[in-house]
Every structure is written in C-alpha cells, then in structure tokens.
Amino acid sequence: MKFSEFFAPTLKEVPKECVLKSHIYLLRAGYIHQIGSGIYNFLPLGKIMLEKIKNIVKKRMDEAGANEIMMGFLTPASLWEKSGRYEKYSELAIFKDRKDAEFVLGPTHEECAAEIAKTYIKSYKQLPLNLYQIHLKFRDELRPRFGLLRAREFVMKDAYSFHADETSLNDEFINMREAYRKIFTDLGLDFRIVEADSGAIGGSGSREFMVLAECGEDTLVVCSKCDYASNIEAAKRAKRVCDAVPPQATSAYHKFATPNVKTIENLSEFFKVDTFYLIKAVVKKAIFKDREQIAVFFMRGKDKLESTKALNALKALDSEVLDVVDAEAEFLQKHNLPQGSIGPIHLRAVVDTPFIVFDNELQDAEDLICGANEHEFHYVGVNLGEFKDLVYADLVAVEEGDLCACCGSPLIYKKGIEVGHIFKLGVKYSKPLNAEFLDSNGRSQPFIMGCYGIGVSRLLSAILEQKADSKGCVWGNLSPFKLDIIISNVKDSKQFEFAFDVYEKARGLGIEVIIDDRNERFGAKINDFELIGFEYALIVGKGLESNVVELIKRAGLEKREIDSKEILEYIKTL
C-alpha cells in the first residue's frame, strides 16, 4: 500500500473531552471517527485492526469446536418478554416497525440462540453444541465515555453452548476458558482470569478476563503470590481472625447503657475492645418493580458492605429484587431510632422485613456486642450460634491486606479492563423460552446453557491502554502494517528507487508493508509512524549514499543501522 493512496487522516490536536490515551490516539491516528454519542466509524486503519483481532478470535473459537453463525441485529421483543429480561435490562434499545411490531437492537443474543436450538435440536444425541458470532451490538449506555471502552455500538464475539447435563457444561466452560486464554495471549496482553458476578446475564458461575491497566474501571483483588484473582464484587478472602481480647460479659445478652455512642469507633473506645467483636448494621432499601422493602445487613465492625454482594443476597431471598439503595436515615427517622443502636436482637419487633442478612464470618460467632434497638443501649455477650434460622451470605468488601483464601498470602488491588466474560447459564433462558430436547429416557428437558463473550472492538482500546507510550500507538506484533518504509526525500531518485525495490520485494514475500511516498517533511512522516504505531519503520535517507539504512522498532523506539544490501534478508528474520 502506498501511503499517498491510503486514507489515514491524522490529527495534531487532542480531541475535546478525551481523557484516556487510547481514545486520544485512536482519534488522532485516524483509526476511528466519532459520529454520535458512543457511536464510531472505523476508518481503514481501524478496520484492519478490527479484522486482525476478529481473525485471532475466529481461529481459536474454530479450534475449540464452535460453529460460526450470524444472528440478526434485531430481535423480536416478545423473546425478551418471555425470558423476563424485557423490563430488567436497563440498556435495552426498543423500537416499533411500521406494523407496530416491537423489536430490540441486540445487546446480547441468549434469547435468539435459544430459539435456534429450540427449532433444530430435538435429541440429546445432537448435543453438545456451541454457536458463535462476531457481530454488531447496541447497548443504550447512560453515559458512553472513554471511546471504544464504553461505547453504545460495538463489535462483540458472543457464543452460546447447549448441553444435556451439568458435566457437559462444565467441560465446555473449561474449553472456552482455555480458548480465551489463547486469544488474549495471542494478542500479547497482560491479563488475569478473575472470579466475577454474573450481573444482568445471570447464571450460576462466571469468569471475567481482565487486561491490567491503570485506567481500568474495575478493581481487581489479586493474590500477591498465587494465581487467585477476582473482581472486587465477587472477591473472597480467608476468614479473618483476631488476637485481641474479646469483651468480658458478666452474663449473656446483658443490656448495657452506652451514652453518646453513635459510631463503631465510639463503641470500640467505650468498651475498649477491637471492632472485630462489634456487630455493624447497614440499612438499605430493596427496590422492586412495584414496591420497596427495608433490608438490614449485619457484619463485623471492621468490615464494609459490598453493594453487589448485598444485592445478590437479596436476590437469593427474592428474585424479583431489582436494586438496593441507601435508606438508613429514613429508617432511623421512621422507627425513632438513634444512629448506632441498630442490632439483630428483637429487630423484627421494630421492623417487619424478610431481608435480615448476616455476613458468613458471623456464623456461630461469640462474645459480640451489638445495638439494642434502644436509645443509648447495647447488648454485650451476644452469641449468634444460639439463634436458629438466621440467613447468612458473603457480604463484605475484600480489602488490601486481607489474606488469600487459597494460599494465605496478602491480597492487593489492581485496576483492570474487562475484555471477556464467560457464564454458566444453566436453564435461566431455556426454561422460560421452552427450549427443550428429548433426553436418553425420551423425556423433555430444558437445554443447559453457557454463554461466552469477547468485546472485539473494545480490545483496540484495551491494547493501547496497556502498551501505548507518550508518542502514540504501540500494537506489538498486531500493528496494521508490519513495515513502514519511509522515503526521507521523495525527490532523491536513488532513495525513491531503492525504497520501492524493497517495497515490491517485501510484498512478494507476503509482508504487510506500506511505503510513505508522500511529498511531506521527514519529521511529519516519523511523527505519523510513531502516532499510528506500525511495528517497524525502514528509513531510507542520506545514509543510502554509504549503503546504510535505519530500522526502527516502534515498541521502545529501538534504532539499528543495517547494510542496505542486507536489509531484505534482515526483514525476513523479524
């Protein structure tokens, strides 16, 4: 490709409202063009990169035994109503056609894939099956930002597997995990496979693939020694222990006056005990479609409530819960309770709610102090093991310095960008959609499903956030062209002829090469090379008179002078 014929509009100025380097460079280097909020056109460079990533994904998915298909961008809204997601999926874009039929712009295709399986798979003998596509998606993001990292329209690889039993699903989950590991390794990324919350997709288990980058929106909890990694919403730790002396109660459940005690810190100072032995209450409000309900969460005084874990705990009690929000001030005022006095003992006499949940680490805990639901009083000598029918769940946010549940080493925080997510769906979609097959006994059973996604267009940004430098894009071995031949002075016939001779021979060898034959200043050509991020630049300049050319590797901008007669052989070895 001749640069003079290639459409690569580069910009000198930083576009307005760009914060991340990937967003800045993709726009400045002419990879993408923004045409609307969260909507981007892919220009020639962007399209080349998109296809390179898609080819890597396709290769590994095909090797893993998946079948490529392409589903419609539009999905009948009736399928989403049947699955129960129509009103719960907040980013759904809906429209009606001229016949008043309602459709959604596909943000994900579980319903559509289940309909395909329902239509064509009749027997367990046709299972397992994995169908995938690399296709356009649309999610009506409330705040699209950060370029391709949080766009409304994007390219995604989504796959859906169908199974007769859980064992088969587990095998495919591992198969896809390994395929994804190969994909992100092929892309040259530093990534982690983390335990994750399943979110709006649902299901019983999931793993996220996170590219480590300082700009990442997700906080990861990573072990300092072993391979354990998790999204903070799903992170687990070794059970905390405390060497401090527990409270010395004269009797069980002794009510003790605690004047002017309003916080956990006040309570710790008042009794001269570690906050480990104090029960903290956090009041939230469970939001339903048509009502609200108070929820109270209890944990040790040292801990903080993790909001996604809190929501999951409520969903386990009632699947119709949509969200969970702060409600403590309202609750205290309504029940005439002072701050710091809420406790689990006799709480149901104060508030009628099924949503009273204790953190797992409080199970059978002894020698505790908690609020008495009475102004300036607390109970001392509380042993939760004596109470029956308490609801326990993992509620607390894991903090840096907590110990790994796998090896006991300290946990640390890292920032990451989600680029892939795999789920065990079970019968979450097949059951409401009546997607069934006949098992070995001739009985109808719902398909057991898995789904597996990769943000293909998002990967352009993720790669740059990890690799780009102060000069521009760095793609490693994934760059749009492997070699950029720069003619320093196009009016110099020797430079021009030599450069074109190398260009034609490199093309003949199948090397992805572009020749910068533009009548531009040498500095402008070098700036474009650095900004766009071609893997290598071959500088054909004044040194040619001494049979010397210069090769620059974009990553690290390493320079090397090479005998012009040996350049082609040298290029072959790269």
# chains A, B, ... in the order shown; residues from 1 in each chain; ligands from 1
call {"tool": "residues_around", "arguments": {"residues": "range 522-529 of chain A", "least_positions_apart": "6", "cutoff": "9 Å", "atoms": "only C-alpha atoms", "output": "ChimeraX atom specification"}}
result
/A:10,29,471-472,484,486-489,516,535-537,554
call {"tool": "write_last_selection", "arguments": {"atoms": "N, CA and C atoms", "output": "mmCIF file, in the first residue's frame"}}
result
data_model
loop_
_atom_site.group_PDB
_atom_site.id
_atom_site.type_symbol
_atom_site.label_atom_id
_atom_site.label_comp_id
_atom_site.auth_asym_id
_atom_site.auth_seq_id
_atom_site.Cartn_x
_atom_site.Cartn_y
_atom_site.Cartn_z
ATOM 1 N N THR A 10 -4.565 11.904 10.087
ATOM 2 C CA THR A 10 -4.026 12.096 11.431
ATOM 3 C C THR A 10 -4.263 13.527 11.900
ATOM 4 N N ALA A 29 -4.843 9.267 15.406
ATOM 5 C CA ALA A 29 -4.127 8.470 14.403
ATOM 6 C C ALA A 29 -5.029 8.029 13.251
ATOM 7 N N LYS A 471 4.298 8.812 22.668
ATOM 8 C CA LYS A 471 4.353 9.205 21.255
ATOM 9 C C LYS A 471 3.095 8.793 20.487
ATOM 10 N N GLY A 472 2.438 7.718 20.941
ATOM 11 C CA GLY A 472 1.276 7.246 20.213
ATOM 12 C C GLY A 472 1.033 5.764 20.407
ATOM 13 N N ASP A 484 6.797 0.025 7.752
ATOM 14 C CA ASP A 484 6.546 1.337 7.142
ATOM 15 C C ASP A 484 7.868 1.815 6.532
ATOM 16 N N ILE A 486 9.895 4.524 4.923
ATOM 17 C CA ILE A 486 9.832 5.986 4.857
ATOM 18 C C ILE A 486 10.937 6.506 3.936
ATOM 19 N N ILE A 487 10.516 7.140 2.860
ATOM 20 C CA ILE A 487 11.474 7.790 1.952
ATOM 21 C C ILE A 487 11.713 9.193 2.482
ATOM 22 N N SER A 488 12.922 9.427 2.914
ATOM 23 C CA SER A 488 13.240 10.722 3.525
ATOM 24 C C SER A 488 13.021 11.878 2.550
ATOM 25 N N ASN A 489 13.486 11.704 1.316
ATOM 26 C CA ASN A 489 13.355 12.756 0.298
ATOM 27 C C ASN A 489 12.862 12.101 -0.994
ATOM 28 N N ASP A 516 5.807 5.106 2.604
ATOM 29 C CA ASP A 516 5.445 6.515 2.764
ATOM 30 C C ASP A 516 6.116 7.324 1.656
ATOM 31 N N GLU A 535 4.704 -1.534 13.181
ATOM 32 C CA GLU A 535 5.642 -2.290 14.016
ATOM 33 C C GLU A 535 7.092 -1.870 13.789
ATOM 34 N N TYR A 536 7.465 -1.662 12.522
ATOM 35 C CA TYR A 536 8.825 -1.225 12.189
ATOM 36 C C TYR A 536 8.763 -0.110 11.160
ATOM 37 N N ALA A 537 9.775 0.753 11.201
ATOM 38 C CA ALA A 537 9.968 1.754 10.145
ATOM 39 C C ALA A 537 11.356 1.546 9.543
ATOM 40 N N ARG A 554 9.010 0.096 16.682
ATOM 41 C CA ARG A 554 8.112 1.059 17.345
ATOM 42 C C ARG A 554 8.079 0.863 18.853
#
call {"tool": "closest_atom_pairs", "arguments": {"of": "range 103-162 of chain A", "to": "range 22-25 of chain A", "cutoff": "8 Å", "atoms": "only C-alpha atoms", "output": "JSON lines"}}
result
{"residue": "A:Phe146", "atom": "CA", "partner": "A:His23", "partner_atom": "CA", "distance": 6.1}
{"residue": "A:Gly147", "atom": "CA", "partner": "A:His23", "partner_atom": "CA", "distance": 5.0}
{"residue": "A:Leu148", "atom": "CA", "partner": "A:His23", "partner_atom": "CA", "distance": 7.2}
call {"tool": "atom_distance", "arguments": {"atom1": "CA of Asn55 in chain A", "atom2": "CA of Arg28 in chain A"}}
result
25.3 Å
call {"tool": "closest_atom_pairs", "arguments": {"of": "range 219-286 of chain A", "to": "range 207-213 of chain A", "cutoff": "12 Å", "atoms": "only C-alpha atoms", "output": "Markdown table"}}
result
| residue | atom | partner | partner_atom | distance |
| --- | --- | --- | --- | --- |
| A:Thr219 | CA | A:Met210 | CA | 9.9 |
| A:Leu220 | CA | A:Met210 | CA | 8.5 |
| A:Val221 | CA | A:Met210 | CA | 11.4 |
| A:Val222 | CA | A:Leu212 | CA | 11.0 |
| A:Tyr228 | CA | A:Arg207 | CA | 11.9 |
| A:Ala229 | CA | A:Met210 | CA | 9.7 |
| A:Ser230 | CA | A:Glu208 | CA | 8.2 |
| A:Asn231 | CA | A:Glu208 | CA | 7.8 |
| A:Ile232 | CA | A:Glu208 | CA | 11.6 |
| A:Glu233 | CA | A:Glu208 | CA | 11.7 |
| A:Ala234 | CA | A:Arg207 | CA | 10.1 |
| A:Ala235 | CA | A:Arg207 | CA | 11.7 |
call {"tool": "atom_distance", "arguments": {"atom1": "CA of Gly476 in chain A", "atom2": "CA of Asp158 in chain A"}}
result
25.8 Å
call {"tool": "atom_distance", "arguments": {"atom1": "CA of Ala397 in chain A", "atom2": "CA of Val283 in chain A"}}
result
16.0 Å
call {"tool": "residues_around", "arguments": {"residues": "range 298-307 of chain A", "least_positions_apart": "3", "cutoff": "7 Å", "atoms": "only C-alpha atoms", "output": "list in words"}}
result
Glu233, Ile264, Thr275, Phe276, Tyr277, Leu278, Ile279, Lys280, Ala281, Val282, Ala310, Leu311, Val357, Phe358, Asp359, Leu362, Leu395, Val396 and Ala397 of chain A
call {"tool": "select_by_dssp", "arguments": {"residues": "range 6-248 of chain A", "states": "strand (DSSP E or B)", "output": "NGL selection string"}}
result
:A and (32-36 or 39-42 or 67-68 or 74-76 or 94-96 or 102-105 or 123 or 129-138 or 145 or 150 or 153-163 or 191-195 or 205-212 or 218-223 or 229-231)
call {"tool": "residues_around", "arguments": {"residues": "range 374-376 of chain A", "least_positions_apart": "4", "cutoff": "7 Å", "atoms": "only C-alpha atoms", "output": "ChimeraX atom specification"}}
result
/A:257-261,337-338,341
call {"tool": "residues_around", "arguments": {"residues": "His346 in chain A", "least_positions_apart": "4", "cutoff": "10 Å", "atoms": "only C-alpha atoms", "output": "list in words"}}
result
Val350, Val351, Ala372 and Asn373 of chain A
call {"tool": "residues_around", "arguments": {"residues": "range 116-121 of chain A", "least_positions_apart": "4", "cutoff": "9 Å", "atoms": "only C-alpha atoms", "output": "short mmCIF file (atom, residue, chain, number, x, y, z; two decimals) with C-alpha atoms, in the first residue's frame"}}
result
data_model
loop_
_atom_site.label_atom_id
_atom_site.label_comp_id
_atom_site.auth_asym_id
_atom_site.auth_seq_id
_atom_site.Cartn_x
_atom_site.Cartn_y
_atom_site.Cartn_z
CA GLU A 111 -32.86 -15.46 23.58
CA CYS A 112 -32.16 -15.69 19.86
CA LYS A 125 -27.69 -37.09 20.55
CA GLN A 126 -27.25 -33.67 18.86
CA LEU A 127 -25.57 -32.24 21.96
CA LEU A 129 -23.32 -27.65 20.53
CA PHE A 162 -26.18 -26.14 24.70
CA SER A 430 -34.08 -22.20 28.05
CA LEU A 433 -38.42 -19.91 26.43
CA ASN A 434 -39.49 -23.58 26.42
CA ALA A 435 -36.28 -24.54 24.61
CA GLU A 436 -36.21 -28.28 25.21
CA PHE A 437 -34.81 -31.56 23.88
CA PHE A 447 -31.22 -27.13 27.48
#
call {"tool": "residues_around", "arguments": {"residues": "range 39-51 of chain A", "least_positions_apart": "5", "cutoff": "8 Å", "atoms": "only C-alpha atoms", "output": "list in words"}}
result
Phe7, Ala8, Gly30, Tyr31, Ile32, His33, Gln34, Leu148, Ala151, Arg152, Glu153, Phe154, Val456, Ser457, Leu460, Leu478, Ser479 and Pro480 of chain A
call {"tool": "decode", "arguments": {"residues": "range 294-445 of chain A", "atoms": "C-alpha atoms", "output": "short mmCIF file (atom, residue, chain, number, x, y, z; two decimals), in the first residue's frame"}}
result
data_model
loop_
_atom_site.label_atom_id
_atom_site.label_comp_id
_atom_site.auth_asym_id
_atom_site.auth_seq_id
_atom_site.Cartn_x
_atom_site.Cartn_y
_atom_site.Cartn_z
CA ILE A 294 -36.20 -2.32 54.08
CA ALA A 295 -33.18 -4.65 54.26
CA VAL A 296 -30.71 -4.85 57.14
CA PHE A 297 -27.23 -6.33 56.78
CA PHE A 298 -25.01 -7.28 59.71
CA MET A 299 -21.25 -7.76 59.66
CA ARG A 300 -18.25 -7.28 61.94
CA GLY A 301 -17.37 -3.71 62.80
CA LYS A 302 -14.10 -3.90 60.84
CA ASP A 303 -15.89 -4.68 57.58
CA LYS A 304 -17.63 -2.77 54.81
CA LEU A 305 -20.69 -3.90 52.89
CA GLU A 306 -20.10 -4.70 49.21
CA SER A 307 -23.18 -3.48 47.31
CA THR A 308 -23.25 -6.16 44.59
CA LYS A 309 -22.92 -8.90 47.20
CA ALA A 310 -25.78 -7.27 49.14
CA LEU A 311 -27.98 -7.25 46.04
CA ASN A 312 -27.13 -10.89 45.29
CA ALA A 313 -28.04 -11.87 48.86
CA LEU A 314 -31.45 -10.21 48.49
CA LYS A 315 -31.99 -11.79 45.07
CA ALA A 316 -31.36 -15.19 46.64
CA LEU A 317 -34.23 -14.45 49.04
CA ASP A 318 -36.48 -12.90 46.37
CA SER A 319 -35.51 -13.00 42.69
CA GLU A 320 -37.76 -10.00 41.93
CA VAL A 321 -35.44 -7.54 43.71
CA LEU A 322 -34.15 -5.08 41.09
CA ASP A 323 -31.73 -2.90 43.07
CA VAL A 324 -30.55 -1.94 46.53
CA VAL A 325 -30.07 1.67 47.72
CA ASP A 326 -29.17 3.54 50.91
CA ALA A 327 -32.01 4.02 53.39
CA GLU A 328 -30.52 4.36 56.90
CA ALA A 329 -31.54 7.97 57.60
CA GLU A 330 -35.13 7.29 56.51
CA PHE A 331 -35.23 4.07 58.55
CA LEU A 332 -33.92 5.71 61.74
CA GLN A 333 -36.40 8.56 61.48
CA LYS A 334 -39.38 6.29 60.76
CA HIS A 335 -38.69 3.98 63.71
CA ASN A 336 -37.38 6.69 66.06
CA LEU A 337 -34.02 5.01 66.38
CA PRO A 338 -30.80 6.90 67.10
CA GLN A 339 -27.73 6.32 64.97
CA GLY A 340 -25.56 3.41 66.13
CA SER A 341 -28.15 1.44 68.06
CA ILE A 342 -29.46 -0.99 65.44
CA GLY A 343 -28.92 -4.66 66.30
CA PRO A 344 -30.31 -8.07 65.37
CA ILE A 345 -31.88 -8.99 68.73
CA HIS A 346 -35.65 -8.29 68.71
CA LEU A 347 -35.21 -6.38 65.45
CA ARG A 348 -38.39 -7.86 63.99
CA ALA A 349 -40.34 -6.15 66.76
CA VAL A 350 -39.10 -2.86 65.28
CA VAL A 351 -39.35 -3.53 61.55
CA ASP A 352 -41.26 -6.17 59.60
CA THR A 353 -38.90 -7.37 56.86
CA PRO A 354 -37.80 -10.73 55.48
CA PHE A 355 -34.48 -9.16 54.49
CA ILE A 356 -32.23 -9.52 57.54
CA VAL A 357 -28.90 -10.97 56.42
CA PHE A 358 -25.69 -11.74 58.32
CA ASP A 359 -22.22 -11.98 56.83
CA ASN A 360 -20.84 -15.52 56.61
CA GLU A 361 -18.00 -14.69 59.01
CA LEU A 362 -20.51 -14.02 61.80
CA GLN A 363 -21.84 -17.58 61.70
CA ASP A 364 -21.53 -19.10 65.19
CA ALA A 365 -19.55 -16.03 66.32
CA GLU A 366 -19.34 -15.43 70.07
CA ASP A 367 -18.59 -12.66 72.58
CA LEU A 368 -20.12 -9.93 70.40
CA ILE A 369 -21.55 -6.51 71.10
CA CYS A 370 -24.49 -5.17 69.13
CA GLY A 371 -27.07 -2.40 69.21
CA ALA A 372 -30.18 -2.94 71.37
CA ASN A 373 -32.55 -1.01 69.08
CA GLU A 374 -32.95 1.34 72.02
CA HIS A 375 -31.55 4.81 72.58
CA GLU A 376 -28.02 4.62 74.06
CA PHE A 377 -28.09 0.90 74.84
CA HIS A 378 -26.17 -2.09 73.50
CA TYR A 379 -26.15 -5.82 74.18
CA VAL A 380 -22.93 -7.43 75.43
CA GLY A 381 -22.17 -11.16 75.37
CA VAL A 382 -24.04 -11.99 72.16
CA ASN A 383 -23.51 -15.48 70.74
CA LEU A 384 -25.09 -15.87 67.32
CA GLY A 385 -24.67 -19.63 67.30
CA GLU A 386 -27.59 -19.88 69.74
CA PHE A 387 -30.05 -18.40 67.21
CA LYS A 388 -31.77 -20.55 64.60
CA ASP A 389 -32.94 -19.69 61.06
CA LEU A 390 -30.56 -16.78 60.56
CA VAL A 391 -29.74 -16.01 56.93
CA TYR A 392 -26.03 -15.86 56.10
CA ALA A 393 -24.32 -14.69 52.89
CA ASP A 394 -21.00 -13.33 51.69
CA LEU A 395 -21.49 -9.59 52.20
CA VAL A 396 -18.20 -7.84 52.86
CA ALA A 397 -15.83 -5.99 50.55
CA VAL A 398 -12.39 -7.60 50.48
CA GLU A 399 -9.67 -5.07 51.30
CA GLU A 400 -5.98 -4.87 50.52
CA GLY A 401 -4.03 -6.78 53.14
CA ASP A 402 -6.74 -9.38 53.67
CA LEU A 403 -5.41 -12.90 53.22
CA CYS A 404 -5.93 -15.12 50.19
CA ALA A 405 -8.36 -18.00 50.78
CA CYS A 406 -6.21 -20.19 48.51
CA CYS A 407 -2.71 -19.72 49.90
CA GLY A 408 -2.91 -17.30 52.83
CA SER A 409 -0.78 -14.57 51.21
CA PRO A 410 -1.79 -10.88 51.28
CA LEU A 411 -4.29 -9.67 48.68
CA ILE A 412 -3.69 -6.49 46.67
CA TYR A 413 -5.77 -4.28 44.38
CA LYS A 414 -5.18 -3.93 40.65
CA LYS A 415 -7.11 -1.99 38.01
CA GLY A 416 -8.42 -3.86 35.01
CA ILE A 417 -10.42 -3.54 31.79
CA GLU A 418 -12.95 -6.29 31.14
CA VAL A 419 -12.43 -7.76 27.67
CA GLY A 420 -14.10 -11.14 28.03
CA HIS A 421 -16.69 -12.87 30.18
CA ILE A 422 -17.85 -16.49 30.31
CA PHE A 423 -21.01 -17.69 32.08
CA LYS A 424 -22.69 -20.87 33.18
CA LEU A 425 -26.33 -20.04 32.45
CA GLY A 426 -27.98 -23.32 33.35
CA VAL A 427 -31.69 -23.18 32.41
CA LYS A 428 -32.11 -19.44 33.05
CA TYR A 429 -33.11 -18.81 29.41
CA SER A 430 -34.08 -22.20 28.05
CA LYS A 431 -36.75 -22.84 30.68
CA PRO A 432 -38.88 -19.68 30.21
CA LEU A 433 -38.42 -19.91 26.43
CA ASN A 434 -39.49 -23.58 26.42
CA ALA A 435 -36.28 -24.54 24.61
CA GLU A 436 -36.21 -28.28 25.21
CA PHE A 437 -34.81 -31.56 23.88
CA LEU A 438 -35.55 -35.24 24.50
CA ASP A 439 -33.12 -36.88 26.92
CA SER A 440 -31.93 -40.52 26.81
CA ASN A 441 -35.18 -41.58 28.53
CA GLY A 442 -37.34 -39.79 25.98
CA ARG A 443 -38.36 -37.04 28.39
CA SER A 444 -38.39 -33.32 27.54
CA GLN A 445 -35.70 -31.34 29.34
#
